[in-house]
>>> print(open('coords.txt').read())   # compact mmCIF, C-alpha atoms and all ligand atoms
# COMPACT_ATOMS: atom_id res chain seq x y z
CA MET A 1 102.14 38.43 -82.97
CA ASN A 2 104.26 41.23 -84.35
CA ILE A 3 107.92 40.28 -84.30
CA LEU A 4 110.72 42.75 -84.94
CA PHE A 5 114.11 41.44 -86.11
CA ALA A 6 116.67 44.11 -85.22
CA SER A 7 120.37 43.49 -85.69
CA GLN A 8 123.25 45.35 -87.27
CA ILE A 9 125.31 42.17 -87.33
CA GLU A 10 123.10 39.10 -87.82
CA PRO A 11 122.06 38.95 -91.49
CA PRO A 12 118.22 38.88 -91.71
CA GLU A 13 118.34 36.70 -94.84
CA ARG A 14 119.84 33.87 -92.73
CA TRP A 15 117.09 34.13 -90.11
CA LEU A 16 113.83 35.36 -91.62
CA PRO A 17 113.00 32.38 -93.88
CA LEU A 18 113.57 29.99 -90.95
CA LEU A 19 111.58 32.18 -88.54
CA GLU A 20 108.70 32.51 -91.02
CA ARG A 21 108.55 28.72 -91.33
CA ALA A 22 108.64 28.22 -87.54
CA LEU A 23 106.10 30.97 -86.78
CA PRO A 24 103.66 30.93 -89.73
CA GLU A 25 100.87 32.77 -87.84
CA ASP A 26 103.04 35.76 -86.99
CA ARG A 27 104.20 38.92 -88.78
CA LEU A 28 107.97 39.38 -89.03
CA PHE A 29 109.54 42.68 -90.00
CA THR A 30 112.89 44.49 -89.78
CA ASN A 31 111.80 48.15 -89.50
CA PHE A 32 110.54 49.33 -86.11
CA ARG A 33 106.82 49.93 -85.64
CA GLU A 34 104.81 50.82 -82.52
CA ASP A 35 102.96 47.49 -82.11
CA VAL A 36 105.99 45.18 -81.54
CA ASP A 37 105.12 42.18 -79.32
CA VAL A 38 108.47 40.40 -79.47
CA ALA A 39 111.81 41.94 -80.48
CA LEU A 40 114.64 39.66 -81.62
CA VAL A 41 117.83 41.63 -81.07
CA ALA A 42 121.60 41.39 -81.45
CA SER A 43 123.41 44.71 -81.53
CA PRO A 44 120.18 46.45 -82.65
CA PRO A 45 120.32 49.75 -84.59
CA PRO A 46 120.84 52.73 -82.24
CA GLY A 47 117.59 53.96 -80.67
CA THR A 48 115.71 50.65 -81.11
CA LEU A 49 115.83 49.45 -77.49
CA ALA A 50 114.45 52.72 -76.10
CA LYS A 51 111.28 52.22 -78.17
CA LEU A 52 110.53 48.69 -76.90
CA GLY A 53 108.94 49.65 -73.55
CA ARG A 54 105.59 48.08 -74.54
CA ALA A 55 106.97 44.83 -75.97
CA LYS A 56 106.15 41.56 -74.17
CA LEU A 57 109.61 40.09 -74.71
CA ILE A 58 113.05 41.16 -75.86
CA GLN A 59 114.78 38.01 -77.10
CA SER A 60 118.55 38.18 -77.57
CA LEU A 61 119.92 36.37 -80.62
CA TRP A 62 123.14 35.78 -78.68
CA MET A 63 123.93 33.88 -75.49
CA GLY A 64 125.95 36.70 -73.86
CA VAL A 65 123.82 39.74 -72.96
CA GLU A 66 126.34 42.04 -71.27
CA LYS A 67 126.19 44.61 -74.10
CA LEU A 68 122.37 44.79 -73.92
CA LEU A 69 122.50 45.13 -70.12
CA ALA A 70 125.08 47.91 -70.37
CA ASP A 71 122.78 49.93 -72.67
CA PRO A 72 120.96 52.53 -70.52
CA SER A 73 118.10 52.63 -73.04
CA LEU A 74 117.17 48.95 -72.44
CA PRO A 75 113.64 49.05 -70.94
CA ARG A 76 114.02 47.34 -67.54
CA GLY A 77 110.31 46.49 -67.26
CA VAL A 78 110.32 44.22 -70.33
CA PRO A 79 111.39 40.57 -69.86
CA LEU A 80 114.75 39.91 -71.53
CA SER A 81 115.66 36.35 -72.58
CA ARG A 82 119.08 35.03 -73.52
CA LEU A 83 119.32 32.68 -76.44
CA VAL A 84 120.19 29.12 -75.54
CA ASP A 85 120.99 27.58 -78.91
CA PRO A 86 121.78 23.83 -78.95
CA GLY A 87 123.96 24.23 -82.07
CA MET A 88 126.03 26.90 -80.36
CA VAL A 89 126.31 24.84 -77.16
CA ALA A 90 127.60 21.87 -79.19
CA ALA A 91 130.06 24.09 -81.08
CA MET A 92 131.44 25.53 -77.84
CA SER A 93 132.00 22.09 -76.35
CA GLU A 94 133.81 21.01 -79.53
CA THR A 95 136.13 24.02 -79.19
CA VAL A 96 136.80 23.38 -75.49
CA LEU A 97 137.51 19.69 -76.15
CA ALA A 98 139.79 20.53 -79.09
CA HIS A 99 141.91 22.91 -76.96
CA ALA A 100 141.92 20.67 -73.87
CA LEU A 101 143.11 17.76 -76.02
CA ASP A 102 145.67 19.96 -77.80
CA TRP A 103 147.27 20.67 -74.41
CA HIS A 104 146.77 17.15 -72.99
CA ARG A 105 148.31 15.45 -76.08
CA ARG A 106 151.03 18.16 -76.30
CA LEU A 107 150.06 18.92 -79.89
CA TYR A 108 151.01 22.59 -79.42
CA ARG A 109 154.56 21.41 -78.65
CA TYR A 110 154.71 19.03 -81.60
CA ARG A 111 153.70 21.94 -83.90
CA GLU A 112 156.67 23.92 -82.50
CA GLN A 113 159.00 20.95 -83.03
CA GLN A 114 157.81 20.50 -86.60
CA GLU A 115 159.04 24.01 -87.41
CA GLU A 116 162.54 22.79 -86.47
CA ALA A 117 162.16 19.30 -88.01
CA ARG A 118 162.71 17.96 -84.48
CA TRP A 119 161.70 14.37 -83.58
CA HIS A 120 161.14 14.16 -79.83
CA ARG A 121 158.39 12.31 -78.01
CA PHE A 122 156.91 13.73 -74.81
CA ARG A 123 155.66 11.63 -71.89
CA GLN A 124 152.10 10.38 -72.32
CA TYR A 125 149.40 11.04 -69.72
CA LEU A 126 146.00 9.45 -69.16
CA ALA A 127 143.00 11.79 -69.33
CA SER A 128 142.36 10.86 -65.69
CA ASP A 129 145.78 12.33 -64.78
CA HIS A 130 144.45 15.80 -65.62
CA THR A 131 141.79 18.03 -64.10
CA ILE A 132 139.92 20.50 -66.25
CA GLY A 133 138.52 23.33 -64.10
CA ILE A 134 135.62 25.20 -65.65
CA LEU A 135 134.70 28.71 -64.51
CA GLY A 136 130.93 28.83 -65.04
CA LEU A 137 128.82 25.67 -65.05
CA GLY A 138 125.86 27.11 -66.96
CA GLU A 139 124.49 26.02 -70.33
CA LEU A 140 127.93 26.03 -71.97
CA GLY A 141 130.12 25.01 -69.03
CA ALA A 142 127.90 22.08 -68.05
CA ASP A 143 127.78 20.67 -71.60
CA ALA A 144 131.57 20.93 -71.95
CA ALA A 145 131.93 19.31 -68.50
CA ARG A 146 129.78 16.32 -69.48
CA LYS A 147 131.78 15.76 -72.68
CA LEU A 148 135.15 16.12 -70.92
CA ILE A 149 133.98 13.59 -68.31
CA GLY A 150 133.08 11.32 -71.23
CA LEU A 151 136.70 11.50 -72.40
CA GLY A 152 137.89 10.44 -68.94
CA PHE A 153 139.19 13.78 -67.60
CA LYS A 154 138.69 14.79 -64.00
CA VAL A 155 136.34 17.78 -64.17
CA ALA A 156 135.71 20.53 -61.64
CA GLY A 157 133.36 23.47 -62.04
CA TRP A 158 132.93 26.81 -60.30
CA SER A 159 129.54 28.53 -60.21
CA ARG A 160 127.70 31.09 -58.08
CA ARG A 161 125.40 28.40 -56.67
CA PRO A 162 126.73 24.86 -56.05
CA LYS A 163 125.81 22.35 -58.77
CA ALA A 164 125.06 18.62 -58.77
CA LEU A 165 126.58 17.50 -62.07
CA PRO A 166 127.28 13.75 -62.05
CA GLY A 167 131.02 13.12 -62.29
CA ALA A 168 132.07 16.75 -61.74
CA GLU A 169 133.28 18.32 -58.52
CA SER A 170 131.36 21.52 -57.75
CA PHE A 171 132.94 24.62 -56.20
CA SER A 172 131.56 28.06 -55.38
CA GLY A 173 132.59 31.19 -53.52
CA GLU A 174 136.07 32.64 -53.19
CA LYS A 175 137.44 29.75 -51.14
CA GLY A 176 135.94 27.29 -53.61
CA LEU A 177 137.68 29.11 -56.47
CA GLY A 178 141.07 28.73 -54.76
CA ASP A 179 140.40 25.08 -53.93
CA MET A 180 139.48 24.35 -57.56
CA LEU A 181 142.43 26.25 -59.03
CA ARG A 182 144.95 24.34 -56.92
CA LYS A 183 144.00 21.14 -58.74
CA THR A 184 143.26 22.62 -62.19
CA HIS A 185 145.64 21.79 -65.04
CA VAL A 186 143.47 23.38 -67.73
CA LEU A 187 141.34 26.38 -66.74
CA VAL A 188 138.37 27.04 -69.03
CA CYS A 189 136.53 30.36 -68.71
CA LEU A 190 132.84 30.13 -69.57
CA LEU A 191 131.50 32.83 -67.25
CA PRO A 192 129.23 35.69 -68.22
CA LEU A 193 130.96 39.08 -68.06
CA THR A 194 129.76 40.92 -64.94
CA ASP A 195 131.41 43.26 -62.45
CA LYS A 196 132.12 40.17 -60.31
CA THR A 197 133.79 38.11 -63.05
CA GLN A 198 135.83 40.76 -64.88
CA GLY A 199 139.58 40.14 -64.49
CA ILE A 200 139.06 36.77 -62.79
CA VAL A 201 141.97 35.17 -64.66
CA ASN A 202 144.82 37.18 -63.17
CA ALA A 203 148.30 36.80 -61.63
CA LYS A 204 146.85 35.58 -58.32
CA THR A 205 144.39 33.04 -59.69
CA ILE A 206 146.86 31.71 -62.29
CA SER A 207 149.55 31.34 -59.59
CA LEU A 208 147.31 28.89 -57.71
CA MET A 209 147.26 26.47 -60.67
CA PRO A 210 149.93 23.75 -60.87
CA LYS A 211 152.87 24.66 -63.13
CA GLY A 212 152.68 23.74 -66.82
CA GLY A 213 148.93 24.04 -67.35
CA ALA A 214 146.82 25.96 -69.82
CA VAL A 215 144.12 28.63 -69.92
CA ILE A 216 141.25 28.51 -72.39
CA ASN A 217 139.24 31.75 -72.57
CA VAL A 218 136.14 31.36 -74.68
CA ALA A 219 133.88 33.70 -72.66
CA ARG A 220 134.77 37.40 -72.93
CA GLY A 221 138.12 39.22 -73.29
CA PRO A 222 137.94 41.24 -70.03
CA HIS A 223 137.80 38.04 -67.97
CA VAL A 224 141.56 37.77 -68.50
CA VAL A 225 144.19 40.28 -67.34
CA VAL A 226 146.39 40.01 -70.42
CA PRO A 227 149.71 41.30 -68.94
CA ASP A 228 149.33 38.77 -66.09
CA LEU A 229 148.67 35.97 -68.56
CA ILE A 230 151.69 36.90 -70.69
CA ALA A 231 153.90 37.03 -67.55
CA ALA A 232 152.71 33.54 -66.54
CA LEU A 233 153.50 32.21 -70.04
CA ASP A 234 156.91 33.91 -70.12
CA SER A 235 157.88 32.49 -66.71
CA GLY A 236 156.83 28.99 -67.81
CA HIS A 237 154.17 28.76 -65.09
CA LEU A 238 151.60 28.37 -67.86
CA ALA A 239 152.49 26.23 -70.87
CA HIS A 240 149.90 27.58 -73.28
CA ALA A 241 146.85 29.84 -73.62
CA TYR A 242 143.97 29.44 -76.05
CA LEU A 243 142.22 32.77 -76.54
CA ASP A 244 139.08 33.35 -78.57
CA VAL A 245 137.93 36.68 -77.09
CA PHE A 246 139.72 39.96 -76.44
CA ASP A 247 139.26 43.37 -74.81
CA THR A 248 139.26 44.92 -78.29
CA GLU A 249 137.94 42.92 -81.24
CA PRO A 250 139.25 42.44 -83.84
CA LEU A 251 142.47 41.98 -81.85
CA PRO A 252 144.71 44.93 -82.89
CA GLU A 253 147.63 44.02 -85.14
CA ALA A 254 150.06 45.46 -82.55
CA SER A 255 148.90 43.15 -79.75
CA PRO A 256 151.78 41.04 -78.36
CA LEU A 257 149.33 38.13 -78.18
CA TRP A 258 149.41 37.63 -81.97
CA ARG A 259 153.07 36.67 -82.03
CA HIS A 260 153.47 35.06 -78.61
CA PRO A 261 154.66 31.45 -79.08
CA GLY A 262 152.57 30.30 -76.12
CA VAL A 263 149.28 31.63 -77.45
CA THR A 264 146.75 30.13 -79.86
CA ILE A 265 144.32 32.74 -81.18
CA THR A 266 140.91 32.27 -82.77
CA PRO A 267 138.81 35.27 -83.94
CA HIS A 268 135.82 35.03 -81.53
CA ALA A 269 134.81 31.89 -83.37
CA ALA A 270 134.58 29.39 -80.49
CA ALA A 271 130.82 29.10 -81.05
CA LEU A 272 128.63 31.05 -83.43
CA THR A 273 124.87 31.36 -83.26
CA GLU A 274 123.44 28.74 -85.59
CA PRO A 275 120.06 29.90 -86.96
CA ARG A 276 119.14 26.33 -88.01
CA THR A 277 119.09 25.24 -84.35
CA ALA A 278 118.39 28.59 -82.66
CA VAL A 279 115.06 29.23 -84.38
CA ALA A 280 113.28 26.39 -82.55
CA ALA A 281 114.37 27.88 -79.20
CA ILE A 282 113.13 31.32 -80.27
CA ALA A 283 109.82 29.93 -81.53
CA ALA A 284 109.32 28.09 -78.22
CA ASN A 285 109.71 31.40 -76.37
CA VAL A 286 107.29 33.19 -78.71
CA GLU A 287 104.73 30.43 -77.98
CA ARG A 288 105.29 30.98 -74.22
CA VAL A 289 104.51 34.67 -74.67
CA ARG A 290 101.45 33.85 -76.80
CA ARG A 291 100.12 31.62 -74.00
CA GLY A 292 100.90 34.27 -71.37
CA GLU A 293 103.54 32.05 -69.74
CA PRO A 294 106.93 33.29 -68.47
CA PRO A 295 109.58 33.01 -71.21
CA PHE A 296 112.53 30.62 -70.96
CA ASN A 297 116.07 31.78 -70.10
CA LEU A 298 115.10 35.09 -68.51
CA VAL A 299 118.02 37.35 -67.65
CA ASP A 300 118.39 38.21 -63.97
CA PHE A 301 118.97 41.98 -64.06
CA GLU A 302 120.34 41.94 -60.48
CA ALA A 303 122.92 39.20 -61.15
CA GLY A 304 123.81 40.72 -64.54
CA TYR A 305 123.41 37.56 -66.65
N1 LIG B 401 133.36 32.90 -77.50
C1 LIG B 401 132.16 32.66 -77.96
O1 LIG B 401 132.02 32.39 -79.15
C2 LIG B 401 130.97 32.63 -77.03
C3 LIG B 401 129.77 32.09 -77.49
C4 LIG B 401 128.70 32.03 -76.62
C5 LIG B 401 128.80 32.50 -75.32
N2 LIG B 401 129.98 33.00 -74.87
C6 LIG B 401 130.11 33.47 -73.48
O2 LIG B 401 129.85 32.40 -72.59
C7 LIG B 401 129.18 32.93 -71.45
C8 LIG B 401 128.48 31.82 -70.68
O3 LIG B 401 127.33 31.37 -71.38
P1 LIG B 401 126.26 30.37 -70.71
O4 LIG B 401 125.15 30.25 -71.67
O5 LIG B 401 126.93 29.12 -70.24
O6 LIG B 401 125.81 31.23 -69.43
P2 LIG B 401 124.91 30.74 -68.21
O7 LIG B 401 124.09 29.56 -68.58
O8 LIG B 401 124.23 31.96 -67.69
O9 LIG B 401 125.99 30.24 -67.13
C9 LIG B 401 126.83 31.10 -66.47
C10 LIG B 401 127.56 30.33 -65.37
O10 LIG B 401 128.45 31.23 -64.71
C11 LIG B 401 128.22 31.19 -63.32
N3 LIG B 401 128.50 32.50 -62.70
C12 LIG B 401 128.01 33.72 -63.03
N4 LIG B 401 128.49 34.67 -62.20
C13 LIG B 401 129.31 34.02 -61.33
C14 LIG B 401 130.08 34.44 -60.22
N5 LIG B 401 130.11 35.74 -59.83
N6 LIG B 401 130.78 33.52 -59.54
C15 LIG B 401 130.74 32.20 -59.90
N7 LIG B 401 130.02 31.73 -60.94
C16 LIG B 401 129.32 32.64 -61.64
C17 LIG B 401 126.77 30.84 -63.18
O11 LIG B 401 126.49 30.36 -61.88
P3 LIG B 401 125.00 29.82 -61.50
O12 LIG B 401 124.88 28.50 -62.22
O13 LIG B 401 125.03 29.67 -60.04
O14 LIG B 401 124.04 30.85 -62.03
C18 LIG B 401 126.62 29.79 -64.29
O15 LIG B 401 127.07 28.54 -63.84
C19 LIG B 401 128.26 33.98 -72.07
O16 LIG B 401 127.87 34.95 -71.10
C20 LIG B 401 129.11 34.58 -73.15
O17 LIG B 401 129.81 35.70 -72.65
C21 LIG B 401 131.07 33.07 -75.70
>>> encode(input="coords.txt", output="structure tokens")
Amino acid sequence: MNILFASQIEPPERWLPLLERALPEDRLFTNFREDVDVALVASPPPGTLAKLGRAKLIQSLWMGVEKLLADPSLPRGVPLSRLVDPGMVAAMSETVLAHALDWHRRLYRYREQQEEARWHRFRQYLASDHTIGILGLGELGADAARKLIGLGFKVAGWSRRPKALPGAESFSGEKGLGDMLRKTHVLVCLLPLTDKTQGIVNAKTISLMPKGGAVINVARGPHVVVPDLIAALDSGHLAHAYLDVFDTEPLPEASPLWRHPGVTITPHAAALTEPRTAVAAIAANVERVRRGEPPFNLVDFEAGY
């Protein structure tokens, strides 16, 4: 098969040797040619997508595909697969657990106290005293849920279709969202960015959470209405926010988020694609195409993810 690697961001030298080893029968190249069977893309050079109308598969090198879907030149007749990379899934759960524990163990407050050389112990809670509510129980949300359950937290998840995840309470629909938020101490956003999920963390949804909780946004910046989040932190309704993703990235120097004492910022680093684990998933999809079988992790163009 002829496999095009097209990305302005992912360095080919990190991927091509691993791909060549996993797919020894195939031809891999980085400059477009007419006979592409499979295109591996992440922010491809302008004009690439429009030329892929005869490909058998467009395989994203990233888990989020909203930028590809927003590109009018994406050929709608070609199957598009998201990447589901076990290394990235593990990394995301580590980040979610780190932030959830930071809030639960009040580490963010001890860091503040250290600046003032202040020795004061806060009340201790059991993990089972706290509910972590996860927006999106897909590949990332479900893995984080399982690991949070393993630590003893109460876990609730909100998804489009109800889920049966042992140990987690499943919610869906608008009423389900409200019901989940009312018991959620730590709200984790792991939704794809679609017209239905944009702005979902806002004054109204935050106000339903019990006072003193935290928001962890590791999905996409526009899920959160930043002025509403800052107002909730300033009023003390929210104790802390952990933000990895922003409307504009890199986050502009002038953003009030940088210097807000209630905000922990990471530079879109919650989970990075890990070629060492991603290549096996890509090779499995190429084999599906070779055998004429439907690829894994197909994007639903209607649903937008
Ligand atoms: N910060 C980072 O470093 C980073 C890294 C990787 C990914 N991400 C982000 O994480 C997102 C999630 O990834 P994933 O692989 O877990 O996606 P996924 O497997 O497609 O799961 C998405 C989840 O969201 C739910 N959902 C979608 N639209 C909804 C709606 N309107 N109402 C309620 N639930 C809705 C889905 O419900 P159903 O189960 O019913 O379909 C599913 O449970 C990606 O889209 C990407 O933006 C961020």
>>> atom_distance(input="coords.txt", atom1="CA of Phe122 (chain A)", atom2="CA of Asp102 (chain A)")
13.2 Å
>>> atom_distance(input="coords.txt", atom1="CA of Leu68 (chain A)", atom2="CA of Val89 (chain A)")
20.6 Å
>>> residues_around(input="coords.txt", residues="region 81-87 of chain A", least_positions_apart="4", cutoff="6 Å", atoms="all atoms listed in the file", output="number ranges by chain")
A: 59-63, 274, 277-278, 297-299
>>> axis_aligned_box(input="coords.txt", around="ligand LIG 401 (chain B)", padding_each_side="4 Å", output="AutoDock Vina command-line options")
--center_x 128.7 --center_y 32.1 --center_z -69.3 --size_x 17.3 --size_y 15.2 --size_z 27.6
>>> closest_atom_pairs(input="coords.txt", of="chain A", to="ligand LIG 401 (chain B)", cutoff="6 Å", atoms="only C-alpha atoms and all ligand atoms", output="JSON lines")
{"residue": "A:Met63", "atom": "CA", "partner": "B:LIG401", "partner_atom": "C5", "distance": 5.1}
{"residue": "A:Gly64", "atom": "CA", "partner": "B:LIG401", "partner_atom": "O16", "distance": 3.8}
{"residue": "A:Gly136", "atom": "CA", "partner": "B:LIG401", "partner_atom": "O10", "distance": 3.5}
{"residue": "A:Leu137", "atom": "CA", "partner": "B:LIG401", "partner_atom": "O15", "distance": 3.6}
{"residue": "A:Gly138", "atom": "CA", "partner": "B:LIG401", "partner_atom": "O9", "distance": 3.1}
{"residue": "A:Glu139", "atom": "CA", "partner": "B:LIG401", "partner_atom": "O5", "distance": 3.9}
{"residue": "A:Leu140", "atom": "CA", "partner": "B:LIG401", "partner_atom": "O5", "distance": 3.7}
{"residue": "A:Gly141", "atom": "CA", "partner": "B:LIG401", "partner_atom": "O5", "distance": 5.3}
{"residue": "A:Trp158", "atom": "CA", "partner": "B:LIG401", "partner_atom": "N7", "distance": 5.8}
{"residue": "A:Ser159", "atom": "CA", "partner": "B:LIG401", "partner_atom": "N7", "distance": 3.3}
{"residue": "A:Arg160", "atom": "CA", "partner": "B:LIG401", "partner_atom": "O13", "distance": 3.6}
{"residue": "A:Arg161", "atom": "CA", "partner": "B:LIG401", "partner_atom": "O13", "distance": 3.6}
{"residue": "A:Leu190", "atom": "CA", "partner": "B:LIG401", "partner_atom": "C8", "distance": 4.8}
{"residue": "A:Leu191", "atom": "CA", "partner": "B:LIG401", "partner_atom": "O10", "distance": 4.3}
{"residue": "A:Pro192", "atom": "CA", "partner": "B:LIG401", "partner_atom": "O16", "distance": 3.3}
{"residue": "A:Leu193", "atom": "CA", "partner": "B:LIG401", "partner_atom": "O17", "distance": 5.8}
{"residue": "A:Lys196", "atom": "CA", "partner": "B:LIG401", "partner_atom": "N5", "distance": 4.9}
{"residue": "A:Thr197", "atom": "CA", "partner": "B:LIG401", "partner_atom": "N5", "distance": 5.4}
{"residue": "A:Val218", "atom": "CA", "partner": "B:LIG401", "partner_atom": "N1", "distance": 4.2}
{"residue": "A:Ala219", "atom": "CA", "partner": "B:LIG401", "partner_atom": "C6", "distance": 3.9}
{"residue": "A:Arg220", "atom": "CA", "partner": "B:LIG401", "partner_atom": "O17", "distance": 5.3}
{"residue": "A:Asp244", "atom": "CA", "partner": "B:LIG401", "partner_atom": "N1", "distance": 5.8}
{"residue": "A:Val245", "atom": "CA", "partner": "B:LIG401", "partner_atom": "N1", "distance": 5.9}
{"residue": "A:His268", "atom": "CA", "partner": "B:LIG401", "partner_atom": "N1", "distance": 5.2}
{"residue": "A:Ala269", "atom": "CA", "partner": "B:LIG401", "partner_atom": "O1", "distance": 5.1}
{"residue": "A:Ala270", "atom": "CA", "partner": "B:LIG401", "partner_atom": "O1", "distance": 4.2}
{"residue": "A:Ala271", "atom": "CA", "partner": "B:LIG401", "partner_atom": "O1", "distance": 4.0}
{"residue": "A:Leu272", "atom": "CA", "partner": "B:LIG401", "partner_atom": "O1", "distance": 5.6}
{"residue": "A:Tyr305", "atom": "CA", "partner": "B:LIG401", "partner_atom": "O8", "distance": 5.8}
>>> closest_residue(input="coords.txt", among="A:Gln8, A:Ser207, A:Asn285, A:Gln198", to="Thr184 (chain A)", atoms="only C-alpha atoms")
A:Ser207
>>> atom_distance(input="coords.txt", atom1="CA of Lys51 (chain A)", atom2="CA of Ser7 (chain A)")
14.7 Å
>>> residues_near_point(input="coords.txt", point="(106.2, 43.0, -79.9)", cutoff="12 Å", atoms="all atoms listed in the file", output="ChimeraX atom specification")
/A:1-6,26-29,32-41,49,51-59,78-79,286,289-290
>>> residues_around(input="coords.txt", residues="region 117-121 of chain A", least_positions_apart="4", cutoff="12 Å", atoms="all atoms listed in the file", output="number ranges by chain")
A: 105-107, 109-113
>>> closest_residue(input="coords.txt", among="A:Ile9, A:Ile230, A:Leu18, A:Val96", to="Ala280 (chain A)", atoms="all atoms listed in the file")
A:Leu18
>>> closest_residue(input="coords.txt", among="A:Gly173, A:Pro44, A:Pro166, A:Gly157", to="Pro12 (chain A)", atoms="only C-alpha atoms")
A:Pro44
>>> closest_residue(input="coords.txt", among="A:Arg288, A:Lys211, A:Arg146, A:Val226", to="Leu165 (chain A)", atoms="all atoms listed in the file")
A:Arg146
>>> decode(input="coords.txt", residues="region 99-147 of chain A", atoms="C-alpha atoms", output="JSON list (two decimals), in the first residue's frame")
[["chain", "number", "residue", "atom", "x", "y", "z"],
["A", 99, "HIS", "CA", -5.09, 17.05, 39.27],
["A", 100, "ALA", "CA", -7.94, 15.26, 41.05],
["A", 101, "LEU", "CA", -5.53, 14.24, 43.82],
["A", 102, "ASP", "CA", -4.02, 17.75, 43.96],
["A", 103, "TRP", "CA", -7.49, 19.11, 44.77],
["A", 104, "HIS", "CA", -8.55, 16.19, 47.01],
["A", 105, "ARG", "CA", -5.33, 16.35, 49.10],
["A", 106, "ARG", "CA", -5.43, 20.20, 49.08],
["A", 107, "LEU", "CA", -1.91, 20.32, 47.64],
["A", 108, "TYR", "CA", -2.75, 23.52, 45.73],
["A", 109, "ARG", "CA", -3.46, 25.17, 49.10],
["A", 110, "TYR", "CA", -0.29, 23.85, 50.72],
["A", 111, "ARG", "CA", 1.72, 25.34, 47.82],
["A", 112, "GLU", "CA", 0.09, 28.72, 48.57],
["A", 113, "GLN", "CA", 0.87, 28.36, 52.28],
["A", 114, "GLN", "CA", 4.48, 27.49, 51.56],
["A", 115, "GLU", "CA", 4.92, 30.88, 49.88],
["A", 116, "GLU", "CA", 4.05, 32.45, 53.25],
["A", 117, "ALA", "CA", 5.93, 29.87, 55.37],
["A", 118, "ARG", "CA", 2.55, 29.04, 56.92],
["A", 119, "TRP", "CA", 2.02, 25.75, 58.82],
["A", 120, "HIS", "CA", -1.68, 24.90, 58.79],
["A", 121, "ARG", "CA", -3.27, 21.50, 58.29],
["A", 122, "PHE", "CA", -6.57, 21.18, 56.44],
["A", 123, "ARG", "CA", -9.24, 18.60, 57.22],
["A", 124, "GLN", "CA", -8.64, 15.22, 55.60],
["A", 125, "TYR", "CA", -11.24, 13.54, 53.38],
["A", 126, "LEU", "CA", -11.59, 9.97, 52.16],
["A", 127, "ALA", "CA", -11.60, 9.47, 48.38],
["A", 128, "SER", "CA", -15.12, 8.07, 48.81],
["A", 129, "ASP", "CA", -16.23, 11.46, 50.22],
["A", 130, "HIS", "CA", -15.72, 13.00, 46.78],
["A", 131, "THR", "CA", -17.40, 12.53, 43.42],
["A", 132, "ILE", "CA", -15.47, 13.09, 40.22],
["A", 133, "GLY", "CA", -17.87, 13.90, 37.35],
["A", 134, "ILE", "CA", -16.47, 13.25, 33.89],
["A", 135, "LEU", "CA", -17.93, 14.95, 30.83],
["A", 136, "GLY", "CA", -17.36, 12.39, 28.07],
["A", 137, "LEU", "CA", -17.00, 8.69, 28.83],
["A", 138, "GLY", "CA", -15.20, 7.73, 25.62],
["A", 139, "GLU", "CA", -11.71, 6.27, 25.24],
["A", 140, "LEU", "CA", -10.14, 8.86, 27.55],
["A", 141, "GLY", "CA", -13.00, 9.48, 29.98],
["A", 142, "ALA", "CA", -13.65, 5.76, 30.56],
["A", 143, "ASP", "CA", -9.97, 4.99, 31.27],
["A", 144, "ALA", "CA", -9.71, 7.90, 33.72],
["A", 145, "ALA", "CA", -12.99, 6.75, 35.33],
["A", 146, "ARG", "CA", -11.68, 3.21, 35.89],
["A", 147, "LYS", "CA", -8.48, 4.51, 37.50]]
